[in-house]
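Peer 1: mmCIF, C-alpha atoms and all ligand atoms, saved as upload35.cif, coming up:
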data_final
loop_
_atom_site.label_atom_id
_atom_site.label_comp_id
_atom_site.auth_asym_id
_atom_site.auth_seq_id
_atom_site.Cartn_x
_atom_site.Cartn_y
_atom_site.Cartn_z
CA MET Z 495 -25.07 160.12 42.84
CA ASN Z 496 -21.94 158.61 44.38
CA VAL Z 497 -20.57 160.27 47.49
CA VAL Z 498 -17.28 159.58 49.28
CA VAL Z 499 -17.04 160.53 52.94
CA CYS Z 500 -13.57 160.73 54.48
CA VAL Z 501 -13.84 159.31 57.97
CA LYS Z 502 -11.10 159.17 60.54
CA GLN Z 503 -10.80 156.50 63.20
CA ILE Z 504 -9.54 158.06 66.43
CA PRO Z 505 -8.74 156.95 70.00
CA ASP Z 506 -11.87 157.11 72.17
CA PRO Z 507 -11.91 160.72 73.52
CA ALA Z 508 -13.55 159.41 76.72
CA ALA Z 509 -10.49 157.23 77.47
CA PRO Z 510 -7.24 158.64 78.95
CA GLN Z 511 -4.94 159.95 76.21
CA SER Z 512 -1.16 159.95 76.04
CA LEU Z 513 1.59 161.00 73.64
CA ASP Z 514 4.27 158.70 72.26
CA ALA Z 515 8.02 159.46 72.13
CA SER Z 516 7.56 161.49 68.91
CA HIS Z 517 4.90 163.69 70.59
CA ASN Z 518 2.12 162.07 68.57
CA LEU Z 519 -1.12 160.86 70.07
CA ASP Z 520 -0.78 157.22 71.08
CA ARG Z 521 -3.22 155.49 68.72
CA SER Z 522 -2.25 151.93 69.63
CA GLY Z 523 -5.50 151.23 71.55
CA LYS Z 524 -9.07 150.77 70.37
CA LEU Z 525 -10.17 153.25 67.70
CA ILE Z 526 -13.66 154.58 67.10
CA LEU Z 527 -15.32 156.56 64.31
CA ASP Z 528 -14.68 160.27 64.88
CA GLU Z 529 -18.04 161.76 65.86
CA ALA Z 530 -17.20 164.79 63.70
CA ASP Z 531 -17.34 162.50 60.64
CA THR Z 532 -20.80 161.10 61.44
CA TYR Z 533 -22.27 164.40 60.17
CA GLY Z 534 -20.68 163.83 56.75
CA VAL Z 535 -21.94 160.24 56.64
CA GLU Z 536 -25.49 161.34 57.49
CA MET Z 537 -25.41 164.19 54.96
CA ALA Z 538 -24.14 161.82 52.25
CA LEU Z 539 -26.87 159.26 52.99
CA GLN Z 540 -29.55 161.96 52.75
CA LEU Z 541 -28.14 163.33 49.45
CA VAL Z 542 -28.03 159.86 47.87
CA ASP Z 543 -31.58 159.17 49.11
CA LYS Z 544 -32.78 162.42 47.55
CA ALA Z 545 -30.99 161.69 44.26
CA GLY Z 546 -32.73 158.31 44.11
CA SER Z 547 -29.64 156.38 43.02
CA GLY Z 548 -25.97 155.93 43.89
CA GLU Z 549 -24.15 154.99 47.05
CA VAL Z 550 -21.98 156.24 49.90
CA THR Z 551 -18.39 155.02 50.23
CA VAL Z 552 -16.36 155.80 53.34
CA VAL Z 553 -12.60 156.19 52.92
CA SER Z 554 -10.09 156.18 55.74
CA MET Z 555 -6.38 156.12 56.39
CA GLY Z 556 -4.62 154.84 59.47
CA ALA Z 557 -1.64 152.84 60.59
CA ALA Z 558 -3.71 150.31 62.53
CA ALA Z 559 -5.78 147.59 60.85
CA ASP Z 560 -8.76 148.50 63.05
CA VAL Z 561 -12.07 148.76 61.15
CA ALA Z 562 -14.63 148.97 64.01
CA GLY Z 563 -15.20 152.68 63.31
CA LEU Z 564 -15.78 151.99 59.62
CA ARG Z 565 -18.32 149.28 60.48
CA ASN Z 566 -20.15 151.98 62.44
CA ALA Z 567 -20.41 154.14 59.29
CA LEU Z 568 -21.54 151.06 57.32
CA ALA Z 569 -24.17 150.37 60.00
CA MET Z 570 -25.49 153.91 59.50
CA GLY Z 571 -26.06 153.03 55.82
CA ALA Z 572 -22.84 153.51 53.83
CA ALA Z 573 -22.50 150.83 51.13
CA LYS Z 574 -18.79 150.10 51.35
CA ALA Z 575 -15.51 151.17 52.93
CA ILE Z 576 -11.95 151.59 51.74
CA ILE Z 577 -9.14 151.77 54.29
CA VAL Z 578 -5.52 152.42 53.53
CA SER Z 579 -3.76 150.67 56.35
CA ASP Z 580 -0.04 150.12 56.55
CA GLU Z 581 2.64 150.21 59.24
CA SER Z 582 4.64 152.65 57.07
CA LEU Z 583 1.87 155.25 57.55
CA ARG Z 584 2.98 155.92 61.14
CA GLY Z 585 4.37 159.46 61.32
CA THR Z 586 2.44 160.66 58.24
CA ASP Z 587 1.58 164.36 58.42
CA ALA Z 588 -1.56 166.12 57.13
CA LEU Z 589 -0.27 166.50 53.53
CA GLY Z 590 0.77 162.83 53.47
CA THR Z 591 -2.71 161.91 54.73
CA ALA Z 592 -4.26 163.96 51.92
CA LYS Z 593 -2.04 162.22 49.32
CA VAL Z 594 -3.12 158.80 50.57
CA LEU Z 595 -6.80 159.74 50.63
CA ALA Z 596 -6.53 161.28 47.14
CA ALA Z 597 -4.98 158.11 45.69
CA ALA Z 598 -7.69 155.94 47.26
CA ILE Z 599 -10.52 158.27 46.13
CA ARG Z 600 -9.25 158.36 42.51
CA ARG Z 601 -10.20 154.68 42.30
CA VAL Z 602 -13.85 155.54 43.04
CA SER Z 603 -14.40 158.76 40.98
CA PRO Z 604 -17.23 160.15 43.16
CA ASP Z 605 -19.56 163.05 42.31
CA LEU Z 606 -19.03 164.58 45.73
CA ILE Z 607 -16.53 164.24 48.61
CA LEU Z 608 -17.48 165.19 52.17
CA CYS Z 609 -15.12 165.71 55.11
CA ALA Z 610 -15.60 167.18 58.58
CA THR Z 611 -14.31 170.70 59.16
CA GLU Z 612 -11.65 169.30 61.51
CA SER Z 613 -10.96 166.00 63.21
CA SER Z 614 -11.44 165.61 66.98
CA ASP Z 615 -7.91 164.37 67.66
CA GLY Z 616 -5.61 166.17 65.20
CA TYR Z 617 -7.57 169.39 64.66
CA THR Z 618 -5.36 170.74 61.86
CA GLY Z 619 -8.39 171.29 59.63
CA THR Z 620 -6.05 171.22 56.64
CA THR Z 621 -6.50 167.72 55.22
CA PRO Z 622 -9.72 168.36 53.23
CA VAL Z 623 -8.48 171.41 51.31
CA GLN Z 624 -5.17 169.72 50.53
CA LEU Z 625 -7.17 166.74 49.28
CA ALA Z 626 -9.25 168.98 47.00
CA GLU Z 627 -6.09 170.58 45.60
CA LEU Z 628 -4.50 167.18 44.91
CA LEU Z 629 -7.67 166.03 43.12
CA SER Z 630 -7.97 169.40 41.25
CA LEU Z 631 -11.50 169.85 42.63
CA PRO Z 632 -13.28 172.99 43.85
CA SER Z 633 -13.72 173.00 47.63
CA ILE Z 634 -16.21 174.76 49.89
CA THR Z 635 -15.59 174.69 53.62
CA PHE Z 636 -17.92 175.08 56.66
CA ALA Z 637 -21.08 173.87 54.88
CA LYS Z 638 -24.16 174.19 57.11
CA SER Z 639 -26.60 173.27 54.35
CA ILE Z 640 -26.07 171.41 51.05
CA THR Z 641 -28.38 171.15 48.02
CA ILE Z 642 -27.62 169.37 44.76
CA ASP Z 643 -29.07 171.03 41.67
CA GLY Z 644 -28.22 168.99 38.57
CA THR Z 645 -24.47 169.22 38.14
CA THR Z 646 -24.07 172.00 40.70
CA VAL Z 647 -23.80 171.94 44.48
CA LYS Z 648 -25.28 174.87 46.44
CA VAL Z 649 -23.89 175.47 49.90
CA GLU Z 650 -24.78 177.75 52.77
CA ARG Z 651 -21.31 178.38 54.15
CA GLN Z 652 -21.20 179.27 57.86
CA THR Z 653 -19.45 182.56 58.65
CA GLU Z 654 -18.94 184.45 61.91
CA THR Z 655 -21.88 186.70 61.19
CA GLY Z 656 -24.26 184.44 59.25
CA TYR Z 657 -23.71 182.50 56.06
CA ASP Z 658 -22.59 182.92 52.44
CA GLU Z 659 -24.35 181.20 49.54
CA VAL Z 660 -21.68 179.48 47.44
CA THR Z 661 -22.05 177.22 44.40
CA ALA Z 662 -19.58 174.91 42.68
CA PRO Z 663 -19.74 172.50 39.74
CA LEU Z 664 -19.64 168.79 40.60
CA PRO Z 665 -17.48 166.93 41.38
CA ALA Z 666 -16.47 168.98 44.42
CA LEU Z 667 -15.20 168.59 47.96
CA LEU Z 668 -17.09 170.06 50.92
CA THR Z 669 -16.35 170.23 54.62
CA VAL Z 670 -19.43 170.09 56.83
CA THR Z 671 -20.09 171.62 60.22
CA ALA Z 672 -21.77 169.82 63.12
CA GLY Z 673 -24.95 171.78 62.36
CA VAL Z 674 -25.46 170.36 58.86
CA VAL Z 675 -27.70 167.41 59.86
CA GLU Z 676 -28.47 165.26 62.91
CA PRO Z 677 -26.63 161.92 62.53
CA ARG Z 678 -28.87 158.85 62.86
CA TYR Z 679 -28.20 156.05 65.32
CA ALA Z 680 -27.39 152.74 63.64
CA SER Z 681 -30.34 150.36 63.88
CA PHE Z 682 -29.92 146.71 64.90
CA LYS Z 683 -30.68 145.75 61.28
CA GLY Z 684 -28.02 148.21 60.10
CA ILE Z 685 -25.43 146.81 62.53
CA MET Z 686 -26.10 143.26 61.33
CA ALA Z 687 -26.00 144.32 57.64
CA ALA Z 688 -22.68 146.15 58.19
CA LYS Z 689 -20.95 142.89 59.08
CA SER Z 690 -21.19 141.67 55.48
CA LYS Z 691 -20.59 144.96 53.65
CA PRO Z 692 -17.29 145.16 51.70
CA VAL Z 693 -14.25 146.74 53.36
CA GLU Z 694 -11.35 147.03 50.91
CA VAL Z 695 -7.93 147.21 52.61
CA LEU Z 696 -5.21 148.90 50.55
CA SER Z 697 -1.49 149.21 51.27
CA VAL Z 698 0.85 152.10 50.49
CA ALA Z 699 2.38 149.94 47.72
CA ASP Z 700 -1.08 149.49 46.14
CA LEU Z 701 -1.24 153.28 45.79
CA ALA Z 702 2.40 153.66 44.69
CA LEU Z 703 3.06 156.18 47.47
CA ALA Z 704 6.16 154.67 49.11
CA GLY Z 705 8.53 157.46 50.23
CA GLU Z 706 5.74 160.07 50.33
CA VAL Z 707 4.26 158.95 53.65
CA GLY Z 708 5.56 158.25 57.14
CA PRO Z 709 8.32 160.35 58.74
CA THR Z 710 10.34 160.31 55.46
CA GLY Z 711 7.55 162.01 53.53
CA ALA Z 712 6.46 164.33 56.37
CA ARG Z 713 7.21 168.04 56.01
CA GLN Z 714 6.13 168.76 59.57
CA GLU Z 715 7.79 167.67 62.78
CA ILE Z 716 6.33 168.03 66.26
CA THR Z 717 9.37 169.25 68.19
CA ASP Z 718 7.74 169.83 71.57
CA VAL Z 719 4.41 169.72 73.34
CA VAL Z 720 3.69 171.95 76.33
CA ALA Z 721 0.67 172.08 78.62
CA THR Z 722 -1.51 175.18 78.23
CA GLU Z 723 -1.23 177.67 81.08
CA SER Z 724 -3.99 177.26 83.63
CA ARG Z 725 -6.48 180.14 83.66
CA GLN Z 726 -5.84 182.90 86.17
CA ALA Z 727 -8.60 183.38 88.75
CA GLY Z 728 -10.81 186.36 87.83
CA GLU Z 729 -11.20 189.48 89.96
CA LYS Z 730 -14.27 189.43 92.20
CA TYR Z 731 -16.39 192.56 92.70
CA VAL Z 732 -18.92 192.67 95.52
CA ASP Z 733 -21.94 194.84 94.72
CA GLU Z 734 -22.31 197.36 97.51
CA GLY Z 735 -24.72 199.55 95.61
CA ASP Z 736 -22.01 200.64 93.17
CA GLY Z 737 -22.05 197.46 90.95
CA ALA Z 738 -23.07 199.30 87.78
CA GLU Z 739 -20.25 201.86 88.14
CA LYS Z 740 -17.72 199.09 88.75
CA ILE Z 741 -18.87 197.22 85.63
CA VAL Z 742 -18.68 200.39 83.50
CA ALA Z 743 -15.21 201.22 84.89
CA PHE Z 744 -14.02 197.69 84.12
CA LEU Z 745 -15.40 197.76 80.55
CA GLU Z 746 -13.74 201.16 80.01
CA SER Z 747 -10.43 199.79 81.32
CA ILE Z 748 -10.44 197.05 78.65
CA LYS Z 749 -11.63 199.59 76.03
CA VAL Z 750 -14.95 197.85 75.37
CA LEU Z 751 -16.75 201.13 76.11
C1 LIG Z 801 4.41 165.50 61.99
C2 LIG Z 801 3.16 164.69 62.19
C3 LIG Z 801 3.32 163.36 62.56
C4 LIG Z 801 2.18 162.57 62.74
N1 LIG Z 801 2.36 161.29 63.10
C5 LIG Z 801 1.31 160.50 63.27
C6 LIG Z 801 1.48 159.16 63.65
O1 LIG Z 801 2.58 158.69 63.86
N2 LIG Z 801 0.38 158.38 63.78
C7 LIG Z 801 -0.86 158.85 63.53
O2 LIG Z 801 -1.84 158.09 63.61
N3 LIG Z 801 -1.07 160.16 63.22
C8 LIG Z 801 0.00 160.99 63.08
N4 LIG Z 801 -0.18 162.31 62.75
C9 LIG Z 801 -1.50 162.86 62.61
C10 LIG Z 801 -2.15 162.43 61.31
O3 LIG Z 801 -1.29 162.46 60.25
C11 LIG Z 801 -3.34 163.32 61.11
O4 LIG Z 801 -4.43 162.47 61.14
C12 LIG Z 801 -3.33 164.05 59.79
O5 LIG Z 801 -2.30 164.95 59.85
C13 LIG Z 801 -4.67 164.68 59.51
O6 LIG Z 801 -4.79 165.83 60.30
P1 LIG Z 801 -6.01 166.09 61.23
O7 LIG Z 801 -6.37 164.91 62.04
O8 LIG Z 801 -5.68 167.33 61.92
O9 LIG Z 801 -7.17 166.22 60.18
P2 LIG Z 801 -8.14 167.43 59.90
O10 LIG Z 801 -7.62 168.14 58.70
O11 LIG Z 801 -8.45 168.21 61.13
O12 LIG Z 801 -9.40 166.53 59.51
C14 LIG Z 801 -10.52 167.05 58.82
C15 LIG Z 801 -11.21 165.93 58.12
O13 LIG Z 801 -10.33 165.34 57.13
C16 LIG Z 801 -10.62 163.95 57.04
N5 LIG Z 801 -9.45 163.17 57.54
C17 LIG Z 801 -8.38 163.59 58.24
N6 LIG Z 801 -7.56 162.56 58.52
C18 LIG Z 801 -8.14 161.47 57.97
C19 LIG Z 801 -7.80 160.10 57.93
N7 LIG Z 801 -6.67 159.65 58.49
N8 LIG Z 801 -8.63 159.24 57.27
C20 LIG Z 801 -9.79 159.70 56.69
N9 LIG Z 801 -10.18 160.97 56.72
C21 LIG Z 801 -9.35 161.85 57.35
C22 LIG Z 801 -11.82 163.68 57.93
O14 LIG Z 801 -13.00 163.91 57.20
C23 LIG Z 801 -11.62 164.76 58.99
O15 LIG Z 801 -12.80 165.02 59.71
C24 LIG Z 801 0.90 163.12 62.55
C25 LIG Z 801 0.74 164.45 62.19
C26 LIG Z 801 1.87 165.25 61.99
C27 LIG Z 801 1.69 166.67 61.60
#
Can you give me the file's structure in the form of structure tokens?
Peer 2:
Amino acid sequence: MNVVVCVKQIPDPAAPQSLDASHNLDRSGKLILDEADTYGVEMALQLVDKAGSGEVTVVSMGAAADVAGLRNALAMGAAKAIIVSDESLRGTDALGTAKVLAAAIRRVSPDLILCATESSDGYTGTTPVQLAELLSLPSITFAKSITIDGTTVKVERQTETGYDEVTAPLPALLTVTAGVVEPRYASFKGIMAAKSKPVEVLSVADLALAGEVGPTGARQEITDVVATESRQAGEKYVDEGDGAEKIVAFLESIKVL
């Protein structure tokens, strides 16, 4: 079973962040593997292990030629990485990202594609489903448990009240939640092995996508960014023997009771 995991390299969330002149996150510094994507990598490794054959390929897109985050996924156990890296990708929106990932993934023809539910820096949560549409694959989002049964994938799909059981024929695309598995730490042996695993670097020209990426291909524009309003201080009630009545009156005032 061959599984592709889409992994995004993002600026370290622990470092100070800033926006560039086009209101985009400044990604010019060191990039790391998005922690949200480590769940997909772990899930893929476990599914391939269970199947007894196949491999995990990580696929990424980014303007910078940084591959440290991909090496991290390789150190966890992925067999190889593909990164589409090109200066012309700067300013690419979510649909453009999906087009690039789709073109790269077509070269691999996997049985299953895993993505995180949303990235930790962009948060649109739209790339995976656009990717599935472009590849004409069924997609199931918010997977909290995944089982492969022959040519079918069975998913427990997280909902607000519990979960739905959903099945789809393979190949399919799934987005996983942080609860799906516990990602492993890369071992020293894994880190050393990752150094010699193949990382294929593709350009936009290799995928024949010139004109569909970057600001020219983008259908979204970030026109402004404003800080969220700071939270108002709450009202303080001192219990002078009438605490319960005050709570009930408050809950009635906001129509909870
Ligand atoms: C108008 C606009 C301009 C932008 N300009 C820039 C820019 O100049 N420079 C820049 O770096 N970014 C830019 N971005 C953001 C970048 O295009 C986003 O990474 C992209 O839109 C994906 O959205 P997201 O991060 O919200 O992904 P989500 O949909 O939240 O991600 C969900 C999952 O999809 C997969 N995924 C998403 N992105 C990637 C990726 N790149 N590689 C591999 N897997 C991925 C991962 O599995 C991820 O966990 C721009 C976005 C917009 C809308």
Peer 1: To one decimal place, how far is CA of Asn518 (chain Z) from CA of Ala557 (chain Z) in Å?
Peer 2: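 Taking CA of Asn518 (chain Z) as the start and CA of Ala557 (chain Z) as the end point, the length is 12.8 Å.
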Peer 1: Is it possible to get the residues within 12 Å of (-3.6, 160.7, 51.6) (coordinates as in the file, counting all atoms listed in the file) written as a ChimeraX atom specification?
Peer 2: /Z:500,502,553-556,577-579,583,586-600,620-629,696-698,701-704,706-708,711-712
Peer 1: CA of Leu568 (chain Z) and CA of Phe682 (chain Z) are how many Å apart?
Peer 2: 12.1 Å
Peer 1: Find the distance between CA of Pro709 (chain Z) and atom C16 of ligand LIG 801 (chain Z) and write it in Å to one decimal.
Peer 2: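 Interatomic distance, CA of Pro709 (chain Z) to atom C16 of ligand LIG 801 (chain Z): 19.4 Å.
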Peer 1: Around (-29.5, 154.5, 62.7), as given in the file, which residues come within 7 Å? Count all atoms listed in the file and list them as a count of residues only.
Peer 2: 6
Peer 1: Could you tell me which of Z:Ile716, Z:Val535, Z:Ala575, Z:Ile607 comes closest to ligand LIG 801 (chain Z) if we count only C-alpha atoms and all ligand atoms?
Peer 2: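 Using only C-alpha atoms and all ligand atoms, ligand LIG 801 (chain Z) sits closest to Z:Ile716.
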Peer 1: Choose the residue, out of Z:Ser690, Z:Ser639, Z:Thr710, Z:Thr645, that has the smallest atom-to-atom separation from ligand LIG 801 (chain Z); count only C-alpha atoms and all ligand atoms.
Peer 2: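 Among the listed residues, the smallest separation from ligand LIG 801 (chain Z) belongs to Z:Thr710.
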Peer 1: Check the smallest atom-to-atom distance from each of Z:Arg725, Z:Lys689, Z:Arg584, Z:His517 to ligand LIG 801 (chain Z) using all atoms listed in the file, then report the winner.
Peer 2: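 Going through Z:Arg725, Z:Lys689, Z:Arg584, Z:His517 one by one, the smallest distance to ligand LIG 801 (chain Z) is for Z:Arg584.
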Peer 1: Taking only C-alpha atoms into account, which of Z:Ala573, Z:Val497, Z:Val670, Z:Val561 comes nearest Pro604 (chain Z)?
Peer 2: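 Closest to Pro604 (chain Z) of all the choices is Z:Val497.
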Peer 1: Tell me which of Z:Ala515, Z:Ala688, Z:Leu608, Z:Ala567 sits closest to ligand LIG 801 (chain Z), counting all atoms listed in the file.
Peer 2: Z:Leu608
Peer 1: Applying 12 Å and all atoms listed in the file, which residues near Glu659 (chain Z) remain after dropping the ones on its own chain fewer than 2 positions away? List them as an mmCIF file with C-alpha atoms, in the frame of the given file.
Peer 2:
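To be explicit, this is the file written out as result-v1.cif:
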data_model
loop_
_atom_site.group_PDB
_atom_site.id
_atom_site.type_symbol
_atom_site.label_atom_id
_atom_site.label_comp_id
_atom_site.auth_asym_id
_atom_site.auth_seq_id
_atom_site.Cartn_x
_atom_site.Cartn_y
_atom_site.Cartn_z
ATOM 1 C CA ILE Z 634 -16.210 174.760 49.890
ATOM 2 C CA THR Z 635 -15.590 174.690 53.620
ATOM 3 C CA PHE Z 636 -17.920 175.080 56.660
ATOM 4 C CA ALA Z 637 -21.080 173.870 54.880
ATOM 5 C CA LYS Z 638 -24.160 174.190 57.110
ATOM 6 C CA SER Z 639 -26.600 173.270 54.350
ATOM 7 C CA ILE Z 640 -26.070 171.410 51.050
ATOM 8 C CA THR Z 641 -28.380 171.150 48.020
ATOM 9 C CA VAL Z 647 -23.800 171.940 44.480
ATOM 10 C CA LYS Z 648 -25.280 174.870 46.440
ATOM 11 C CA VAL Z 649 -23.890 175.470 49.900
ATOM 12 C CA GLU Z 650 -24.780 177.750 52.770
ATOM 13 C CA ARG Z 651 -21.310 178.380 54.150
ATOM 14 C CA GLN Z 652 -21.200 179.270 57.860
ATOM 15 C CA THR Z 653 -19.450 182.560 58.650
ATOM 16 C CA GLY Z 656 -24.260 184.440 59.250
ATOM 17 C CA TYR Z 657 -23.710 182.500 56.060
ATOM 18 C CA THR Z 661 -22.050 177.220 44.400
ATOM 19 C CA ALA Z 662 -19.580 174.910 42.680
#
Peer 1: With only C-alpha atoms and all ligand atoms as the atoms that count, which of Z:Gln540, Z:Gln726, Z:Thr618, Z:Ser516 lies nearest to ligand LIG 801 (chain Z)?
Peer 2: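 Among the listed residues, the smallest separation from ligand LIG 801 (chain Z) belongs to Z:Thr618.
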Peer 1: When you look at Gly548 (chain Z) with a cut-off of 12 Å (counting all atoms listed in the file), what residues show up, excluding the ones that are within fewer than 2 positions of it in the same chain? I need them as JSON, numbers by chain.
Peer 2: {"Z": [495, 496, 497, 498, 538, 539, 540, 541, 542, 543, 544, 545, 546, 550, 551, 572, 573, 574, 604, 605, 606]}
Peer 1: As a list in words, please: the residues near Ala666 (chain Z) (cut-off 6 Å, only C-alpha atoms, same-chain neighbours under 5 positions excluded).
Peer 2: Leu606, Leu631, Pro632 and Ser633 of chain Z
Peer 1: Please, could you write that set of residues out with C-alpha atoms as a JSON list (two decimals), keeping the file's coordinate frame?
Peer 2:
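Resulting contents of again_19.json:
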[["chain", "number", "residue", "atom", "x", "y", "z"],
["Z", 606, "LEU", "CA", -19.03, 164.58, 45.73],
["Z", 631, "LEU", "CA", -11.50, 169.85, 42.63],
["Z", 632, "PRO", "CA", -13.28, 172.99, 43.85],
["Z", 633, "SER", "CA", -13.72, 173.00, 47.63]]
Peer 1: With a distance cut-off of 8 Å and all atoms listed in the file, select the neighbouring residues of Gly563 (chain Z), excluding the residue or stretch itself and same-chain residues fewer than 6 positions from it, and output the selection as a PyMOL selection string.
Peer 2: chain Z and resi 503+525-528
